[in-house]
$ cat data.txt   # compact mmCIF, C-alpha atoms and all ligand atoms
# COMPACT_ATOMS: atom_id res chain seq x y z
CA MET A 1 -14.24 21.82 106.77
CA ALA A 2 -10.96 19.98 107.23
CA ASN A 3 -11.18 18.83 110.82
CA SER A 4 -14.83 18.16 111.44
CA LYS A 5 -15.97 15.20 113.50
CA TYR A 6 -16.92 13.58 110.22
CA GLU A 7 -13.34 13.55 108.95
CA TYR A 8 -12.68 10.05 110.38
CA VAL A 9 -14.61 8.38 107.50
CA ARG A 10 -11.61 9.24 105.32
CA LYS A 11 -9.72 6.41 107.03
CA PHE A 12 -12.11 3.93 105.44
CA GLU A 13 -10.52 4.71 102.07
CA THR A 14 -7.75 2.16 101.95
CA ASN A 15 -5.08 2.18 99.28
CA ASN A 16 -4.47 -1.13 97.59
CA TYR A 17 -1.24 -1.15 95.64
CA ILE A 18 -0.52 -3.21 92.57
CA LEU A 19 1.97 -6.01 93.06
CA PRO A 20 5.21 -4.78 91.48
CA GLU A 21 6.88 -6.82 88.72
CA ALA A 22 3.61 -8.52 87.85
CA TRP A 23 1.09 -8.30 85.03
CA PHE A 24 -2.05 -6.43 85.79
CA VAL A 25 -5.04 -7.45 83.70
CA VAL A 26 -8.33 -5.58 83.59
CA ARG A 27 -11.11 -7.50 81.89
CA LEU A 28 -14.14 -5.53 80.78
CA ASP A 29 -17.42 -7.15 79.90
CA GLY A 30 -20.59 -5.51 78.65
CA GLN A 31 -23.36 -5.75 81.20
CA GLY A 32 -26.55 -7.36 79.96
CA PHE A 33 -25.36 -7.26 76.36
CA THR A 34 -27.65 -10.11 75.37
CA LYS A 35 -30.48 -7.63 75.89
CA PHE A 36 -28.51 -4.60 74.63
CA THR A 37 -27.55 -6.27 71.33
CA THR A 38 -31.08 -7.54 70.71
CA ALA A 39 -32.63 -4.14 71.48
CA HIS A 40 -30.26 -2.49 69.00
CA GLY A 41 -30.77 -5.04 66.23
CA PHE A 42 -27.21 -6.40 66.12
CA GLN A 43 -26.58 -8.88 63.30
CA LYS A 44 -26.18 -12.39 64.72
CA PRO A 45 -23.88 -14.04 65.51
CA ASN A 46 -21.34 -11.29 64.73
CA ASP A 47 -22.11 -7.66 64.08
CA LEU A 48 -18.91 -6.26 62.59
CA ARG A 49 -19.99 -2.66 63.31
CA ALA A 50 -20.18 -3.52 67.00
CA LEU A 51 -16.77 -5.19 67.00
CA ASN A 52 -15.31 -2.15 65.26
CA LEU A 53 -16.93 0.08 67.87
CA MET A 54 -15.46 -2.04 70.69
CA ASN A 55 -12.07 -1.86 68.96
CA GLU A 56 -12.34 1.91 68.62
CA CYS A 57 -12.99 2.17 72.38
CA ALA A 58 -10.12 -0.18 73.16
CA LYS A 59 -7.79 1.84 70.93
CA GLN A 60 -8.82 5.08 72.61
CA ILE A 61 -8.25 3.47 76.03
CA LEU A 62 -4.86 2.24 74.89
CA LEU A 63 -3.91 5.78 73.94
CA LYS A 64 -5.11 6.88 77.39
CA VAL A 65 -3.57 4.03 79.33
CA ALA A 66 -0.05 4.91 78.24
CA ASP A 67 -0.93 8.14 80.00
CA ILE A 68 -2.29 6.47 83.11
CA THR A 69 0.82 4.35 83.46
CA VAL A 70 2.97 7.41 83.46
CA ALA A 71 0.65 9.31 85.75
CA TYR A 72 0.18 6.64 88.39
CA GLY A 73 3.31 4.56 88.05
CA GLN A 74 3.44 0.95 89.22
CA SER A 75 2.23 1.58 92.68
CA ASP A 76 -1.17 3.12 92.32
CA GLU A 77 -4.34 1.79 93.80
CA TYR A 78 -5.82 -0.75 91.46
CA SER A 79 -9.44 0.06 92.24
CA LYS A 80 -8.88 3.55 90.87
CA ILE A 81 -7.35 2.26 87.64
CA VAL A 82 -10.22 -0.17 87.15
CA SER A 83 -12.81 2.53 87.64
CA VAL A 84 -11.00 4.89 85.29
CA ILE A 85 -10.78 2.30 82.52
CA SER A 86 -14.35 1.03 82.76
CA SER A 87 -15.92 4.47 82.92
CA GLN A 88 -13.79 5.70 80.04
CA PHE A 89 -14.67 2.65 77.98
CA ALA A 90 -18.41 3.23 78.49
CA ALA A 91 -17.97 6.91 77.70
CA PHE A 92 -16.09 6.12 74.46
CA TYR A 93 -18.72 3.51 73.53
CA THR A 94 -21.45 6.12 73.77
CA PHE A 95 -19.32 8.82 72.15
CA TYR A 96 -18.49 6.69 69.07
CA TRP A 97 -21.85 4.90 68.84
CA SER A 98 -23.22 7.03 65.98
CA THR A 99 -19.99 6.64 63.98
CA TYR A 100 -20.43 2.87 63.86
CA PHE A 101 -24.25 2.74 64.04
CA PRO A 102 -25.31 5.86 62.09
CA ASP A 103 -28.87 4.57 61.57
CA THR A 104 -29.51 3.11 65.03
CA LYS A 105 -30.61 5.29 67.93
CA LEU A 106 -28.92 4.40 71.21
CA LEU A 107 -31.89 3.35 73.36
CA PHE A 108 -30.28 3.13 76.80
CA PRO A 109 -26.82 3.70 78.25
CA PRO A 110 -24.40 0.77 77.91
CA ALA A 111 -22.35 -0.26 80.96
CA PHE A 112 -19.27 -2.44 81.42
CA ASP A 113 -18.16 -4.34 84.44
CA ALA A 114 -14.45 -4.55 85.08
CA ARG A 115 -12.35 -6.81 87.23
CA ALA A 116 -8.66 -6.70 87.95
CA VAL A 117 -6.45 -9.76 88.19
CA VAL A 118 -2.75 -9.88 88.95
CA TYR A 119 -0.66 -12.52 87.17
CA PRO A 120 2.85 -13.02 88.50
CA THR A 121 4.67 -14.40 85.43
CA ASP A 122 4.79 -14.00 81.63
CA ASN A 123 3.47 -17.54 81.31
CA HIS A 124 0.41 -16.71 83.40
CA LEU A 125 -0.27 -13.73 81.15
CA ARG A 126 0.09 -15.85 78.01
CA ASP A 127 -2.17 -18.52 79.48
CA TYR A 128 -4.70 -15.86 80.41
CA LEU A 129 -4.75 -14.50 76.83
CA SER A 130 -4.82 -18.03 75.40
CA TRP A 131 -7.80 -18.79 77.63
CA ARG A 132 -9.70 -15.77 76.27
CA GLN A 133 -8.83 -16.55 72.63
CA ALA A 134 -9.82 -20.19 73.01
CA ASP A 135 -13.10 -18.97 74.55
CA CYS A 136 -13.63 -16.68 71.51
CA HIS A 137 -13.17 -19.59 69.11
CA ILE A 138 -15.42 -21.98 71.05
CA ASN A 139 -18.20 -19.40 71.36
CA ASN A 140 -17.93 -18.33 67.72
CA LEU A 141 -18.13 -21.87 66.38
CA TYR A 142 -21.18 -22.54 68.56
CA ASN A 143 -22.88 -19.23 67.70
CA THR A 144 -22.22 -19.62 63.96
CA CYS A 145 -23.93 -23.05 64.02
CA PHE A 146 -26.73 -21.78 66.26
CA TRP A 147 -27.65 -18.82 64.04
CA GLU A 148 -27.37 -20.81 60.79
CA LEU A 149 -29.81 -23.35 62.24
CA VAL A 150 -32.17 -20.58 63.40
CA LYS A 151 -31.99 -18.82 60.01
CA SER A 152 -32.86 -22.13 58.34
CA GLY A 153 -36.13 -22.29 60.30
CA VAL A 154 -35.14 -24.38 63.34
CA SER A 155 -36.43 -22.98 66.68
CA ASN A 156 -33.93 -21.60 69.24
CA LYS A 157 -34.71 -24.48 71.62
CA GLU A 158 -34.31 -27.10 68.90
CA ALA A 159 -31.00 -25.55 67.75
CA GLU A 160 -29.69 -25.68 71.32
CA LYS A 161 -30.73 -29.32 71.56
CA ILE A 162 -29.03 -30.24 68.28
CA LEU A 163 -25.78 -28.52 69.34
CA CYS A 164 -25.53 -29.46 73.01
CA LYS A 165 -24.00 -32.88 72.39
CA THR A 166 -21.72 -31.99 69.46
CA VAL A 167 -17.93 -31.67 69.59
CA SER A 168 -15.98 -29.16 67.45
CA SER A 169 -15.41 -31.50 64.48
CA GLU A 170 -19.16 -32.23 64.32
CA LYS A 171 -19.97 -28.51 64.36
CA ASN A 172 -17.51 -27.95 61.50
CA GLU A 173 -19.11 -30.85 59.62
CA LEU A 174 -22.64 -29.49 60.24
CA LEU A 175 -21.66 -26.09 58.84
CA HIS A 176 -20.05 -27.74 55.82
CA SER A 177 -22.72 -30.32 54.93
CA LYS A 178 -25.88 -28.39 55.85
CA PHE A 179 -24.95 -24.79 55.13
CA ASN A 180 -22.01 -25.08 52.71
CA ILE A 181 -19.84 -23.01 55.08
CA ASN A 182 -16.14 -23.70 55.49
CA TYR A 183 -15.45 -22.46 59.02
CA ASN A 184 -11.81 -21.76 58.07
CA ASN A 185 -13.00 -19.09 55.64
CA ILE A 186 -14.94 -17.09 58.25
CA GLU A 187 -13.47 -13.64 59.03
CA GLU A 188 -10.42 -13.78 61.31
CA ILE A 189 -11.85 -11.07 63.60
CA PHE A 190 -14.79 -13.37 64.40
CA LYS A 191 -12.63 -16.45 65.01
CA LYS A 192 -9.68 -14.84 66.77
CA GLY A 193 -10.85 -11.53 68.25
CA THR A 194 -8.54 -8.51 68.24
CA VAL A 195 -5.20 -7.90 69.86
CA MET A 196 -3.84 -4.34 70.21
CA PHE A 197 -0.63 -2.94 71.51
CA HIS A 198 1.56 0.11 71.37
CA LYS A 199 4.15 -0.01 68.68
CA THR A 200 7.14 2.27 68.55
CA VAL A 201 8.76 2.72 65.17
CA TYR A 202 12.19 4.33 64.93
CA TYR A 203 13.17 5.93 61.67
CA ASN A 204 15.84 8.24 60.27
CA ILE A 205 15.21 11.66 58.82
CA THR A 206 17.40 14.27 57.26
CA THR A 207 17.13 17.64 59.01
CA PRO A 208 16.88 20.92 57.01
CA GLU A 209 20.57 21.34 57.92
CA GLY A 210 21.34 18.12 56.07
CA GLU A 211 22.11 16.07 59.17
CA SER A 212 20.61 12.67 59.84
CA ALA A 213 18.54 12.27 63.00
CA LYS A 214 16.48 9.56 64.66
CA ARG A 215 12.76 10.00 65.10
CA VAL A 216 10.17 7.97 67.02
CA LYS A 217 6.65 7.28 65.85
CA LYS A 218 4.09 5.79 68.20
CA SER A 219 1.06 3.95 66.92
CA VAL A 220 -1.44 1.32 67.96
CA GLU A 221 -1.02 -2.02 66.21
CA ILE A 222 -4.32 -3.86 65.66
CA LEU A 223 -4.24 -7.53 64.66
CA ASN A 224 -6.67 -10.44 64.36
CA CYS A 225 -4.06 -13.16 64.63
CA ASP A 226 -3.36 -16.24 66.74
CA ILE A 227 -1.90 -15.26 70.12
CA ILE A 228 -1.78 -18.78 71.55
CA ARG A 229 1.20 -20.09 69.57
CA ASN A 230 4.76 -18.83 70.01
CA LYS A 231 4.89 -17.10 66.61
CA PHE A 232 3.06 -13.95 67.76
CA TRP A 233 5.21 -13.64 70.88
CA SER A 234 8.52 -14.10 69.09
CA GLU A 235 7.53 -11.66 66.33
CA ASN A 236 6.58 -9.11 69.02
CA ASP A 237 9.13 -10.05 71.65
CA PHE A 238 9.28 -6.48 72.99
CA LEU A 239 5.83 -7.03 74.55
CA LEU A 240 7.13 -9.35 77.25
CA SER A 241 10.63 -7.95 77.57
CA GLU A 242 9.70 -4.38 78.43
P1 LIG A 301 -23.43 -10.21 81.71
O1 LIG A 301 -23.92 -8.90 82.20
O2 LIG A 301 -23.46 -11.28 82.73
O3 LIG A 301 -22.07 -10.12 81.06
P2 LIG A 301 -24.40 -10.57 79.00
O4 LIG A 301 -25.79 -10.64 78.47
O5 LIG A 301 -23.59 -9.40 78.57
O6 LIG A 301 -24.49 -10.68 80.56
P3 LIG A 301 -22.26 -12.26 77.95
O7 LIG A 301 -21.92 -13.66 78.35
O8 LIG A 301 -21.25 -11.20 78.26
O9 LIG A 301 -23.67 -11.93 78.64
O10 LIG A 301 -22.61 -12.28 76.43
C1 LIG A 301 -22.56 -11.18 75.55
C2 LIG A 301 -23.79 -11.13 74.66
O11 LIG A 301 -23.68 -10.07 73.71
C3 LIG A 301 -24.03 -12.40 73.88
O12 LIG A 301 -25.41 -12.66 73.81
C4 LIG A 301 -23.46 -12.06 72.50
O13 LIG A 301 -24.08 -12.80 71.48
C5 LIG A 301 -23.78 -10.58 72.39
N1 LIG A 301 -22.82 -9.86 71.54
C6 LIG A 301 -21.65 -9.29 71.96
N2 LIG A 301 -21.00 -8.73 70.93
C7 LIG A 301 -21.74 -8.94 69.82
C8 LIG A 301 -21.57 -8.63 68.43
N3 LIG A 301 -20.49 -7.97 67.99
N4 LIG A 301 -22.54 -9.00 67.56
C9 LIG A 301 -23.61 -9.66 67.99
N5 LIG A 301 -23.84 -10.00 69.28
C10 LIG A 301 -22.91 -9.65 70.20
P1 LIG A 302 -19.88 -12.37 86.02
O1 LIG A 302 -21.36 -12.50 85.96
O2 LIG A 302 -19.32 -12.41 87.41
O3 LIG A 302 -19.37 -11.22 85.21
P2 LIG A 302 -19.39 -14.12 83.84
O4 LIG A 302 -20.28 -15.29 83.70
O5 LIG A 302 -19.65 -12.94 82.99
O6 LIG A 302 -19.29 -13.71 85.36
P3 LIG A 302 -16.55 -13.90 83.51
O7 LIG A 302 -15.85 -14.19 84.80
O8 LIG A 302 -16.70 -12.50 83.05
O9 LIG A 302 -17.96 -14.68 83.52
O10 LIG A 302 -15.79 -14.73 82.41
C1 LIG A 302 -16.11 -14.59 81.09
C2 LIG A 302 -15.89 -15.91 80.38
O11 LIG A 302 -15.18 -16.82 81.16
C3 LIG A 302 -17.19 -16.56 80.00
O12 LIG A 302 -17.20 -16.69 78.60
C4 LIG A 302 -17.18 -17.93 80.66
O13 LIG A 302 -17.45 -18.93 79.70
C5 LIG A 302 -15.77 -18.09 81.16
N1 LIG A 302 -15.72 -18.60 82.54
C6 LIG A 302 -16.12 -17.96 83.66
N2 LIG A 302 -15.86 -18.69 84.76
C7 LIG A 302 -15.26 -19.82 84.32
C8 LIG A 302 -14.73 -20.98 84.97
N3 LIG A 302 -14.78 -21.13 86.30
N4 LIG A 302 -14.18 -21.94 84.21
C9 LIG A 302 -14.12 -21.80 82.88
N5 LIG A 302 -14.60 -20.74 82.20
C10 LIG A 302 -15.17 -19.75 82.91
MG MG A 303 -19.14 -11.34 77.63
MG MG A 304 -19.96 -10.27 83.49
MG MG A 305 -20.71 -12.64 81.36
MG MG A 306 -21.55 -9.33 79.10
MG MG A 307 -11.95 11.93 91.97
$ encode --input "data.txt" --output "structure tokens"
Amino acid sequence: MANSKYEYVRKFETNNYILPEAWFVVRLDGQGFTKFTTAHGFQKPNDLRALNLMNECAKQILLKVADITVAYGQSDEYSKIVSVISSQFAAFYTFYWSTYFPDTKLLFPPAFDARAVVYPTDNHLRDYLSWRQADCHINNLYNTCFWELVKSGVSNKEAEKILCKTVSSEKNELLHSKFNINYNNIEEIFKKGTVMFHKTVYYNITTPEGESAKRVKKSVEILNCDIIRNKFWSENDFLLSE
């Protein structure tokens, strides 16, 4: 019924519009993944299957998000976009689970929280991404040391105690002297995480009529490189200029 006395609750649905000309970042984070990863026997500190699964979901979202941008434009309500992305991510995670973990039964449904942040300038966006990549490196160095210590027979508590007062150079030294690991040689995906973006490639073809024509190919570029330094941003300058 369109005009019932209950109709007024509709007015409680407010539309919040994205700030135009600004970057809109949605950060997803697995909820209770400490428990989820333990329950599903993830390799510690880095289970590559799980990272590949996360990347698959992100790639699928990327393919969808190009769609969302077109469908909602720059002035849609941000709460809706956040809910769309987080629910789709969780759906993809479940959908692709058995591809990446063929021998592990999914024991309970994974969930992801999502928050939206608006950054007004390119520099804010770069600082945001630098912050996340620095966080990835710091956590990975710590976790690599932690799990090497634990695998060598040290208790979790003792490992925490050994590491709590060490700086980066001491962690590198510990890995080198005690476990013969050169941190530099660890997989880039573990140290740097993954960056993905749409890439448009233009190329020429010859038509059946013998004429030359331009064609466009869209793909998702997936890299495990440094995104803090300028190099990445000058090599992919279209990212910030679009
Ligand atoms: P919250 O709900 O507050 O986010 P959380 O348990 O998910 O809680 P996080 O700080 O997000 O806490 O930490 C993620 C957890 O998932 C860590 O324990 C991390 O070691 C684990 N984890 C995430 N990805 C992997 C992976 N690819 N391989 C192994 N462990 C992983
Ligand atoms: P929540 O439980 O609200 O999800 P969280 O502990 O999961 O919070 P996030 O806000 O999701 O934290 O941020 C994720 C990362 O950011 C974590 O790795 C944490 O180390 C870092 N972080 C969070 N808040 C701060 C802060 N105020 N200063 C520096 N780093 C922070
Ligand atoms: Mg997390
Ligand atoms: Mg969280
Ligand atoms: Mg957290
Ligand atoms: Mg989490
Ligand atoms: Mg609906």
$ atom_distance --input "data.txt" --atom1 "atom O1 of ligand LIG 301 (chain A)" --atom2 "CA of Phe33 in chain A"
6.2 Å
$ residues_near_ligand --input "data.txt" --ligand "ligand MG 304 (chain A)" --cutoff "9 Å" --atoms "all atoms listed in the file" --output "PDB file with C-alpha atoms, in the coordinates of the input"
ATOM      1  CA  LEU A  28     -14.140  -5.530  80.780  1.00  0.00           C
ATOM      2  CA  ASP A  29     -17.420  -7.150  79.900  1.00  0.00           C
ATOM      3  CA  GLY A  30     -20.590  -5.510  78.650  1.00  0.00           C
ATOM      4  CA  GLN A  31     -23.360  -5.750  81.200  1.00  0.00           C
ATOM      5  CA  GLY A  32     -26.550  -7.360  79.960  1.00  0.00           C
ATOM      6  CA  PHE A 112     -19.270  -2.440  81.420  1.00  0.00           C
ATOM      7  CA  ASP A 113     -18.160  -4.340  84.440  1.00  0.00           C
ATOM      8  CA  ALA A 114     -14.450  -4.550  85.080  1.00  0.00           C
TER       9      ALA A 114
END
$ residues_around --input "data.txt" --residues "Asn230 in chain A" --least-positions-apart "5" --cutoff "12 Å" --atoms "only C-alpha atoms" --output "list in words"
Asn123, Arg126, Asp127, Ser130, Cys225, Glu235, Asn236 and Asp237 of chain A
$ closest_residue --input "data.txt" --among "A:Leu62, A:Val118, A:Cys136, A:Val9" --to "ligand MG 303 (chain A)" --atoms "only C-alpha atoms and all ligand atoms"
A:Cys136
$ atom_distance --input "data.txt" --atom1 "CA of Arg132 in chain A" --atom2 "atom N5 of ligand LIG 301 (chain A)"
16.8 Å
$ residues_around --input "data.txt" --residues "Ala22 in chain A" --least-positions-apart "3" --cutoff "8 Å" --atoms "all atoms listed in the file" --output "mmCIF file with C-alpha atoms, in the frame of the given file"
data_model
loop_
_atom_site.group_PDB
_atom_site.id
_atom_site.type_symbol
_atom_site.label_atom_id
_atom_site.label_comp_id
_atom_site.auth_asym_id
_atom_site.auth_seq_id
_atom_site.Cartn_x
_atom_site.Cartn_y
_atom_site.Cartn_z
ATOM 1 C CA LEU A 19 1.970 -6.010 93.060
ATOM 2 C CA VAL A 118 -2.750 -9.880 88.950
ATOM 3 C CA TYR A 119 -0.660 -12.520 87.170
ATOM 4 C CA PRO A 120 2.850 -13.020 88.500
ATOM 5 C CA THR A 121 4.670 -14.400 85.430
#
$ residues_around --input "data.txt" --residues "range 89-96 of chain A" --least-positions-apart "6" --cutoff "8 Å" --atoms "all atoms listed in the file" --output "PyMOL selection string"
chain A and resi 53-54+56-58+60-61+109-112
$ residues_near_ligand --input "data.txt" --ligand "ligand LIG 301 (chain A)" --cutoff "7 Å" --atoms "only C-alpha atoms and all ligand atoms" --output "VMD selection string"
chain A and resid 29 to 35 37 42 to 48 50 to 51
$ atom_distance --input "data.txt" --atom1 "CA of Leu149 in chain A" --atom2 "CA of Phe101 in chain A"
26.7 Å
$ decode --input "data.txt" --residues "range 189-200 of chain A" --atoms "all heavy atoms" --output "PDB file, in the first residue's frame"
ATOM      1  N   ILE A 189      54.583 -10.957  -3.133  1.00  0.00           N
ATOM      2  CA  ILE A 189      53.165 -10.843  -2.742  1.00  0.00           C
ATOM      3  C   ILE A 189      53.032 -10.777  -1.214  1.00  0.00           C
ATOM      4  O   ILE A 189      52.165 -10.097  -0.686  1.00  0.00           O
ATOM      5  CB  ILE A 189      52.310 -11.991  -3.342  1.00  0.00           C
ATOM      6  CG1 ILE A 189      50.814 -11.739  -3.115  1.00  0.00           C
ATOM      7  CG2 ILE A 189      52.730 -13.350  -2.811  1.00  0.00           C
ATOM      8  CD1 ILE A 189      49.891 -12.727  -3.808  1.00  0.00           C
ATOM      9  N   PHE A 190      53.934 -11.459  -0.497  1.00  0.00           N
ATOM     10  CA  PHE A 190      53.880 -11.429   0.965  1.00  0.00           C
ATOM     11  C   PHE A 190      54.377 -10.086   1.505  1.00  0.00           C
ATOM     12  O   PHE A 190      53.836  -9.553   2.470  1.00  0.00           O
ATOM     13  CB  PHE A 190      54.739 -12.553   1.578  1.00  0.00           C
ATOM     14  CG  PHE A 190      54.282 -13.944   1.204  1.00  0.00           C
ATOM     15  CD1 PHE A 190      55.149 -15.028   1.352  1.00  0.00           C
ATOM     16  CD2 PHE A 190      53.006 -14.178   0.728  1.00  0.00           C
ATOM     17  CE1 PHE A 190      54.734 -16.320   1.016  1.00  0.00           C
ATOM     18  CE2 PHE A 190      52.585 -15.466   0.390  1.00  0.00           C
ATOM     19  CZ  PHE A 190      53.463 -16.538   0.531  1.00  0.00           C
ATOM     20  N   LYS A 191      55.426  -9.561   0.865  1.00  0.00           N
ATOM     21  CA  LYS A 191      56.041  -8.321   1.372  1.00  0.00           C
ATOM     22  C   LYS A 191      55.275  -7.077   0.939  1.00  0.00           C
ATOM     23  O   LYS A 191      55.232  -6.084   1.651  1.00  0.00           O
ATOM     24  CB  LYS A 191      57.484  -8.201   0.850  1.00  0.00           C
ATOM     25  CG  LYS A 191      58.448  -9.206   1.456  1.00  0.00           C
ATOM     26  CD  LYS A 191      59.869  -8.956   0.974  1.00  0.00           C
ATOM     27  CE  LYS A 191      59.984  -9.233  -0.504  1.00  0.00           C
ATOM     28  NZ  LYS A 191      61.371  -9.209  -0.999  1.00  0.00           N
ATOM     29  N   LYS A 192      54.698  -7.133  -0.268  1.00  0.00           N
ATOM     30  CA  LYS A 192      54.128  -5.902  -0.845  1.00  0.00           C
ATOM     31  C   LYS A 192      52.616  -5.925  -1.011  1.00  0.00           C
ATOM     32  O   LYS A 192      52.014  -4.887  -1.296  1.00  0.00           O
ATOM     33  CB  LYS A 192      54.771  -5.647  -2.213  1.00  0.00           C
ATOM     34  CG  LYS A 192      56.292  -5.494  -2.125  1.00  0.00           C
ATOM     35  CD  LYS A 192      56.763  -4.300  -2.892  1.00  0.00           C
ATOM     36  CE  LYS A 192      58.162  -3.871  -2.512  1.00  0.00           C
ATOM     37  NZ  LYS A 192      59.157  -4.948  -2.627  1.00  0.00           N
ATOM     38  N   GLY A 193      51.975  -7.109  -0.876  1.00  0.00           N
ATOM     39  CA  GLY A 193      50.548  -7.169  -1.162  1.00  0.00           C
ATOM     40  C   GLY A 193      50.295  -7.109  -2.663  1.00  0.00           C
ATOM     41  O   GLY A 193      51.222  -7.311  -3.456  1.00  0.00           O
ATOM     42  N   THR A 194      49.067  -6.816  -3.047  1.00  0.00           N
ATOM     43  CA  THR A 194      48.687  -6.840  -4.459  1.00  0.00           C
ATOM     44  C   THR A 194      47.958  -5.568  -4.844  1.00  0.00           C
ATOM     45  O   THR A 194      47.055  -5.139  -4.130  1.00  0.00           O
ATOM     46  CB  THR A 194      47.766  -8.058  -4.732  1.00  0.00           C
ATOM     47  OG1 THR A 194      48.432  -9.241  -4.310  1.00  0.00           O
ATOM     48  CG2 THR A 194      47.416  -8.166  -6.206  1.00  0.00           C
ATOM     49  N   VAL A 195      48.378  -4.996  -5.945  1.00  0.00           N
ATOM     50  CA  VAL A 195      47.659  -3.832  -6.466  1.00  0.00           C
ATOM     51  C   VAL A 195      47.012  -4.222  -7.795  1.00  0.00           C
ATOM     52  O   VAL A 195      47.607  -4.948  -8.585  1.00  0.00           O
ATOM     53  CB  VAL A 195      48.607  -2.600  -6.595  1.00  0.00           C
ATOM     54  CG1 VAL A 195      49.777  -2.875  -7.521  1.00  0.00           C
ATOM     55  CG2 VAL A 195      47.843  -1.377  -7.083  1.00  0.00           C
ATOM     56  N   MET A 196      45.770  -3.814  -8.000  1.00  0.00           N
ATOM     57  CA  MET A 196      45.024  -4.155  -9.224  1.00  0.00           C
ATOM     58  C   MET A 196      44.358  -2.922  -9.795  1.00  0.00           C
ATOM     59  O   MET A 196      43.891  -2.087  -9.039  1.00  0.00           O
ATOM     60  CB  MET A 196      43.864  -5.097  -8.891  1.00  0.00           C
ATOM     61  CG  MET A 196      44.243  -6.457  -8.535  1.00  0.00           C
ATOM     62  SD  MET A 196      42.747  -7.440  -8.347  1.00  0.00           S
ATOM     63  CE  MET A 196      43.492  -8.780  -7.455  1.00  0.00           C
ATOM     64  N   PHE A 197      44.334  -2.864 -11.088  1.00  0.00           N
ATOM     65  CA  PHE A 197      43.610  -1.754 -11.709  1.00  0.00           C
ATOM     66  C   PHE A 197      43.190  -2.124 -13.123  1.00  0.00           C
ATOM     67  O   PHE A 197      43.729  -3.060 -13.712  1.00  0.00           O
ATOM     68  CB  PHE A 197      44.456  -0.470 -11.714  1.00  0.00           C
ATOM     69  CG  PHE A 197      45.861  -0.649 -12.214  1.00  0.00           C
ATOM     70  CD1 PHE A 197      46.167  -0.508 -13.556  1.00  0.00           C
ATOM     71  CD2 PHE A 197      46.888  -0.962 -11.331  1.00  0.00           C
ATOM     72  CE1 PHE A 197      47.459  -0.660 -14.017  1.00  0.00           C
ATOM     73  CE2 PHE A 197      48.196  -1.132 -11.778  1.00  0.00           C
ATOM     74  CZ  PHE A 197      48.485  -0.979 -13.132  1.00  0.00           C
ATOM     75  N   HIS A 198      42.231  -1.376 -13.621  1.00  0.00           N
ATOM     76  CA  HIS A 198      41.798  -1.585 -15.000  1.00  0.00           C
ATOM     77  C   HIS A 198      42.855  -1.065 -15.939  1.00  0.00           C
ATOM     78  O   HIS A 198      43.418  -0.002 -15.712  1.00  0.00           O
ATOM     79  CB  HIS A 198      40.497  -0.821 -15.273  1.00  0.00           C
ATOM     80  CG  HIS A 198      39.317  -1.394 -14.579  1.00  0.00           C
ATOM     81  ND1 HIS A 198      38.692  -2.525 -15.016  1.00  0.00           N
ATOM     82  CD2 HIS A 198      38.668  -1.010 -13.466  1.00  0.00           C
ATOM     83  CE1 HIS A 198      37.677  -2.802 -14.207  1.00  0.00           C
ATOM     84  NE2 HIS A 198      37.653  -1.892 -13.242  1.00  0.00           N
ATOM     85  N   LYS A 199      43.109  -1.842 -16.965  1.00  0.00           N
ATOM     86  CA  LYS A 199      44.054  -1.390 -17.962  1.00  0.00           C
ATOM     87  C   LYS A 199      43.380  -1.460 -19.326  1.00  0.00           C
ATOM     88  O   LYS A 199      42.756  -2.454 -19.666  1.00  0.00           O
ATOM     89  CB  LYS A 199      45.298  -2.263 -17.935  1.00  0.00           C
ATOM     90  CG  LYS A 199      46.481  -1.592 -18.567  1.00  0.00           C
ATOM     91  CD  LYS A 199      47.747  -2.375 -18.328  1.00  0.00           C
ATOM     92  CE  LYS A 199      48.922  -1.592 -18.908  1.00  0.00           C
ATOM     93  NZ  LYS A 199      50.187  -2.207 -18.559  1.00  0.00           N
ATOM     94  N   THR A 200      43.498  -0.380 -20.061  1.00  0.00           N
ATOM     95  CA  THR A 200      42.928  -0.355 -21.401  1.00  0.00           C
ATOM     96  C   THR A 200      44.069  -0.375 -22.404  1.00  0.00           C
ATOM     97  O   THR A 200      44.960   0.464 -22.350  1.00  0.00           O
ATOM     98  CB  THR A 200      42.097   0.926 -21.602  1.00  0.00           C
ATOM     99  OG1 THR A 200      41.260   1.095 -20.456  1.00  0.00           O
ATOM    100  CG2 THR A 200      41.229   0.818 -22.833  1.00  0.00           C
TER     101      THR A 200
END
